[in-house]
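Down below is the structure, laid out as structure tokens.
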Amino acid sequence: MDVRFLGPGDEDLLIAAVDLTDEGPLARSRASAHLADADLVNLVAVEAGEVVGFIYGHVLRRFEATSFFIYSVDVAERHRRRGIAKAMIAALSAETEKGRWDEMFVLTNRSNAAAMALYASAGGIAPPPDDVVMFDFD
């Protein structure tokens with residue numbers, strides 16, 4: 001398995017990766033624009049020429065630090081529970097250690113047992129219940 005960051009020219013890989021998500025098909029022009037934006041990070045796991053895992057997120061530049069917000073973690077159903085998501089998170093963590101950003105975070109629901117287990121096993125630390133409240137704006 002090869003875990004790699006995507007950049008300009010990787011439109012075919014990004015289009016295949018987005019097919020793993022609930023976001024539907026991605027037009028090539030949108031893939032190009034997405035890959036050209038340095039504040040959008042795309043990471044894939046490829047096995048035997050097939051995209052089997054995908055993480056994307058956003059770099060958030062604040063005055064005191066730069067954060068990486070993991071927006072989505074997806075693994076093809078038949079490849080789950082093999083450590084692919086954990087390997088991709090480890091690749092992102094290595095970028096934090098190299099100073100690419102100061103911290104990274106992800107949001108999930110406590111009721112999502114699979115995500116809770118993944119993030120805890122990858123070294124994530126969950127706040128106490130009810131410590132963080134997120135408001136959505138339509």
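Following the order of the structure tokens, first chain is A, next is B, and so on, with residues numbered from 1 inside each chain and ligands from 1 in the order they appear.
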
- [ ] Extract, using only C-alpha atoms, all DNA, RNA and protein residues at most 6 Å from stretch 66-80 of chain A, discarding same-chain residues fewer than 4 positions from it, and format them as number ranges by chain.
- [x] A: 52-62, 101-106

Deliver the residues from the most recent selection as a file, using C-alpha atoms, as an mmCIF file, in the first residue's frame.
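Result written to again14.cif:
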```cif
data_model
loop_
_atom_site.group_PDB
_atom_site.id
_atom_site.type_symbol
_atom_site.label_atom_id
_atom_site.label_comp_id
_atom_site.auth_asym_id
_atom_site.auth_seq_id
_atom_site.Cartn_x
_atom_site.Cartn_y
_atom_site.Cartn_z
ATOM 1 C CA VAL A 52 -8.611 2.343 -1.366
ATOM 2 C CA GLY A 53 -8.451 5.215 1.130
ATOM 3 C CA PHE A 54 -8.845 8.979 1.141
ATOM 4 C CA ILE A 55 -8.476 11.797 3.632
ATOM 5 C CA TYR A 56 -8.977 15.420 2.827
ATOM 6 C CA GLY A 57 -9.026 18.500 4.923
ATOM 7 C CA HIS A 58 -8.297 22.177 5.255
ATOM 8 C CA VAL A 59 -5.324 24.145 6.526
ATOM 9 C CA LEU A 60 -6.586 26.792 8.935
ATOM 10 C CA ARG A 61 -4.183 29.676 9.376
ATOM 11 C CA ARG A 62 -4.719 31.495 12.641
ATOM 12 C CA TRP A 101 1.136 22.744 10.735
ATOM 13 C CA ASP A 102 1.072 23.041 14.517
ATOM 14 C CA GLU A 103 -1.853 20.756 15.244
ATOM 15 C CA MET A 104 -4.533 18.720 13.577
ATOM 16 C CA PHE A 105 -8.050 17.851 14.620
ATOM 17 C CA VAL A 106 -11.167 16.060 13.465
#
```

- [ ] Could you give me, as a PyMOL selection string, the residues within 10 Å of A:Val51, counting only C-alpha atoms and dropping anything in the same chain fewer than 5 positions from it?
- [x] chain A and resi 1-3+13-20+44-46+75-76

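Interatomic distance, atom CA of A:Ala33 against atom CA of A:Ile89: 24.0 Å.
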
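Straight-line separation from atom CA of A:Asp39 to atom CA of A:Met88: 18.0 Å.
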
TODO: Enumerate the residues of stretch 10-128 of chain A with a DSSP assignment of alpha helix (DSSP H), computed from the backbone, and present them as a VMD selection string.
DONE: chain A and resid 11 to 18 28 to 36 84 to 97 113 to 121

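Proximity of A:Ile84, A:Arg28, A:Pro128, A:Ala91 to A:Phe5, computed with only C-alpha atoms, is greatest for A:Ala91.
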
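For the set A:Thr21, A:Thr96, A:Gly123, A:Pro129, the residue with the smallest atom-to-atom gap to A:Asn109 is A:Pro129, counting only C-alpha atoms.
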
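Coordinates place atom CA of A:Lys86 at a distance of 28.2 Å from atom CA of A:Glu64.
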
TODO: Write out as a list of chain:residue names each polymer residue whose atoms come within 10 Å of A:Gly9, counting only C-alpha atoms; drop sequence neighbours fewer than 6 positions from it.
DONE: A:Ala31, A:Ser32, A:Leu35, A:Ala36

Go through stretch 17-108 of chain A and collect every residue that DSSP, computed from the backbone, puts in strand (DSSP E or B); the answer should be as a PDB file with N, CA and C atoms, in the first residue's frame.
```
ATOM      1  N   LEU A  40      -5.977  23.169   0.784  1.00  0.00           N
ATOM      2  CA  LEU A  40      -6.741  21.922   0.760  1.00  0.00           C
ATOM      3  C   LEU A  40      -5.745  20.781   0.630  1.00  0.00           C
ATOM      4  N   VAL A  41      -5.818  19.841   1.557  1.00  0.00           N
ATOM      5  CA  VAL A  41      -4.876  18.725   1.583  1.00  0.00           C
ATOM      6  C   VAL A  41      -5.627  17.448   1.251  1.00  0.00           C
ATOM      7  N   ASN A  42      -5.064  16.685   0.330  1.00  0.00           N
ATOM      8  CA  ASN A  42      -5.669  15.437  -0.130  1.00  0.00           C
ATOM      9  C   ASN A  42      -4.634  14.333  -0.011  1.00  0.00           C
ATOM     10  N   LEU A  43      -5.020  13.254   0.631  1.00  0.00           N
ATOM     11  CA  LEU A  43      -4.117  12.125   0.871  1.00  0.00           C
ATOM     12  C   LEU A  43      -4.848  10.859   0.459  1.00  0.00           C
ATOM     13  N   VAL A  44      -4.171   9.992  -0.293  1.00  0.00           N
ATOM     14  CA  VAL A  44      -4.792   8.741  -0.707  1.00  0.00           C
ATOM     15  C   VAL A  44      -3.929   7.563  -0.314  1.00  0.00           C
ATOM     16  N   ALA A  45      -4.596   6.428  -0.179  1.00  0.00           N
ATOM     17  CA  ALA A  45      -3.915   5.138  -0.046  1.00  0.00           C
ATOM     18  C   ALA A  45      -4.231   4.382  -1.332  1.00  0.00           C
ATOM     19  N   VAL A  46      -3.192   3.902  -1.996  1.00  0.00           N
ATOM     20  CA  VAL A  46      -3.345   3.196  -3.264  1.00  0.00           C
ATOM     21  C   VAL A  46      -2.770   1.799  -3.109  1.00  0.00           C
ATOM     22  N   GLU A  47      -3.547   0.834  -3.566  1.00  0.00           N
ATOM     23  CA  GLU A  47      -3.122  -0.563  -3.497  1.00  0.00           C
ATOM     24  C   GLU A  47      -3.412  -1.204  -4.853  1.00  0.00           C
ATOM     25  N   GLU A  50      -5.332   0.846  -7.300  1.00  0.00           N
ATOM     26  CA  GLU A  50      -6.686   1.265  -6.920  1.00  0.00           C
ATOM     27  C   GLU A  50      -6.632   2.163  -5.686  1.00  0.00           C
ATOM     28  N   VAL A  51      -7.381   3.270  -5.721  1.00  0.00           N
ATOM     29  CA  VAL A  51      -7.497   4.127  -4.541  1.00  0.00           C
ATOM     30  C   VAL A  51      -8.398   3.407  -3.546  1.00  0.00           C
ATOM     31  N   VAL A  52      -7.846   3.078  -2.380  1.00  0.00           N
ATOM     32  CA  VAL A  52      -8.611   2.343  -1.366  1.00  0.00           C
ATOM     33  C   VAL A  52      -8.895   3.184  -0.127  1.00  0.00           C
ATOM     34  N   GLY A  53      -8.231   4.340  -0.012  1.00  0.00           N
ATOM     35  CA  GLY A  53      -8.451   5.215   1.130  1.00  0.00           C
ATOM     36  C   GLY A  53      -8.236   6.657   0.742  1.00  0.00           C
ATOM     37  N   PHE A  54      -8.900   7.554   1.469  1.00  0.00           N
ATOM     38  CA  PHE A  54      -8.845   8.979   1.141  1.00  0.00           C
ATOM     39  C   PHE A  54      -9.095   9.805   2.390  1.00  0.00           C
ATOM     40  N   ILE A  55      -8.253  10.781   2.601  1.00  0.00           N
ATOM     41  CA  ILE A  55      -8.476  11.797   3.632  1.00  0.00           C
ATOM     42  C   ILE A  55      -8.298  13.148   2.963  1.00  0.00           C
ATOM     43  N   TYR A  56      -9.226  14.049   3.241  1.00  0.00           N
ATOM     44  CA  TYR A  56      -8.977  15.420   2.827  1.00  0.00           C
ATOM     45  C   TYR A  56      -9.371  16.358   3.944  1.00  0.00           C
ATOM     46  N   GLY A  57      -8.761  17.527   3.890  1.00  0.00           N
ATOM     47  CA  GLY A  57      -9.026  18.500   4.923  1.00  0.00           C
ATOM     48  C   GLY A  57      -8.510  19.874   4.534  1.00  0.00           C
ATOM     49  N   HIS A  58      -8.575  20.767   5.489  1.00  0.00           N
ATOM     50  CA  HIS A  58      -8.297  22.177   5.255  1.00  0.00           C
ATOM     51  C   HIS A  58      -7.225  22.678   6.217  1.00  0.00           C
ATOM     52  N   VAL A  59      -6.303  23.452   5.699  1.00  0.00           N
ATOM     53  CA  VAL A  59      -5.324  24.145   6.526  1.00  0.00           C
ATOM     54  C   VAL A  59      -5.992  25.422   7.017  1.00  0.00           C
ATOM     55  N   LEU A  60      -5.972  25.610   8.315  1.00  0.00           N
ATOM     56  CA  LEU A  60      -6.586  26.792   8.935  1.00  0.00           C
ATOM     57  C   LEU A  60      -5.477  27.659   9.521  1.00  0.00           C
ATOM     58  N   ARG A  61      -5.243  28.782   8.913  1.00  0.00           N
ATOM     59  CA  ARG A  61      -4.183  29.676   9.376  1.00  0.00           C
ATOM     60  C   ARG A  61      -4.774  30.670  10.365  1.00  0.00           C
ATOM     61  N   THR A  66      -1.041  27.307  13.029  1.00  0.00           N
ATOM     62  CA  THR A  66      -1.662  26.773  11.822  1.00  0.00           C
ATOM     63  C   THR A  66      -2.181  25.387  12.162  1.00  0.00           C
ATOM     64  N   SER A  67      -3.453  25.162  11.890  1.00  0.00           N
ATOM     65  CA  SER A  67      -4.090  23.888  12.212  1.00  0.00           C
ATOM     66  C   SER A  67      -4.463  23.165  10.934  1.00  0.00           C
ATOM     67  N   PHE A  68      -4.564  21.858  11.047  1.00  0.00           N
ATOM     68  CA  PHE A  68      -5.095  21.070   9.947  1.00  0.00           C
ATOM     69  C   PHE A  68      -6.372  20.405  10.430  1.00  0.00           C
ATOM     70  N   PHE A  69      -7.472  20.695   9.732  1.00  0.00           N
ATOM     71  CA  PHE A  69      -8.768  20.140  10.058  1.00  0.00           C
ATOM     72  C   PHE A  69      -9.055  18.988   9.102  1.00  0.00           C
ATOM     73  N   ILE A  70      -9.110  17.773   9.644  1.00  0.00           N
ATOM     74  CA  ILE A  70      -9.459  16.604   8.846  1.00  0.00           C
ATOM     75  C   ILE A  70     -10.958  16.668   8.603  1.00  0.00           C
ATOM     76  N   TYR A  71     -11.343  16.830   7.349  1.00  0.00           N
ATOM     77  CA  TYR A  71     -12.752  16.955   7.012  1.00  0.00           C
ATOM     78  C   TYR A  71     -13.400  15.608   6.770  1.00  0.00           C
ATOM     79  N   SER A  72     -12.669  14.690   6.153  1.00  0.00           N
ATOM     80  CA  SER A  72     -13.271  13.412   5.797  1.00  0.00           C
ATOM     81  C   SER A  72     -12.212  12.313   5.777  1.00  0.00           C
ATOM     82  N   VAL A  73     -12.573  11.160   6.309  1.00  0.00           N
ATOM     83  CA  VAL A  73     -11.736   9.957   6.265  1.00  0.00           C
ATOM     84  C   VAL A  73     -12.595   8.854   5.651  1.00  0.00           C
ATOM     85  N   ASP A  74     -12.140   8.310   4.540  1.00  0.00           N
ATOM     86  CA  ASP A  74     -12.910   7.275   3.851  1.00  0.00           C
ATOM     87  C   ASP A  74     -11.996   6.132   3.425  1.00  0.00           C
ATOM     88  N   VAL A  75     -12.493   4.916   3.596  1.00  0.00           N
ATOM     89  CA  VAL A  75     -11.808   3.714   3.121  1.00  0.00           C
ATOM     90  C   VAL A  75     -12.852   2.864   2.406  1.00  0.00           C
ATOM     91  N   GLU A 103      -0.945  21.731  14.654  1.00  0.00           N
ATOM     92  CA  GLU A 103      -1.853  20.756  15.244  1.00  0.00           C
ATOM     93  C   GLU A 103      -2.812  20.266  14.180  1.00  0.00           C
ATOM     94  N   MET A 104      -3.460  19.156  14.457  1.00  0.00           N
ATOM     95  CA  MET A 104      -4.533  18.720  13.577  1.00  0.00           C
ATOM     96  C   MET A 104      -5.670  18.210  14.437  1.00  0.00           C
ATOM     97  N   PHE A 105      -6.878  18.292  13.870  1.00  0.00           N
ATOM     98  CA  PHE A 105      -8.050  17.851  14.620  1.00  0.00           C
ATOM     99  C   PHE A 105      -9.109  17.341  13.667  1.00  0.00           C
ATOM    100  N   VAL A 106     -10.047  16.610  14.227  1.00  0.00           N
ATOM    101  CA  VAL A 106     -11.167  16.060  13.465  1.00  0.00           C
ATOM    102  C   VAL A 106     -12.397  16.110  14.364  1.00  0.00           C
TER     103      VAL A 106
END
```
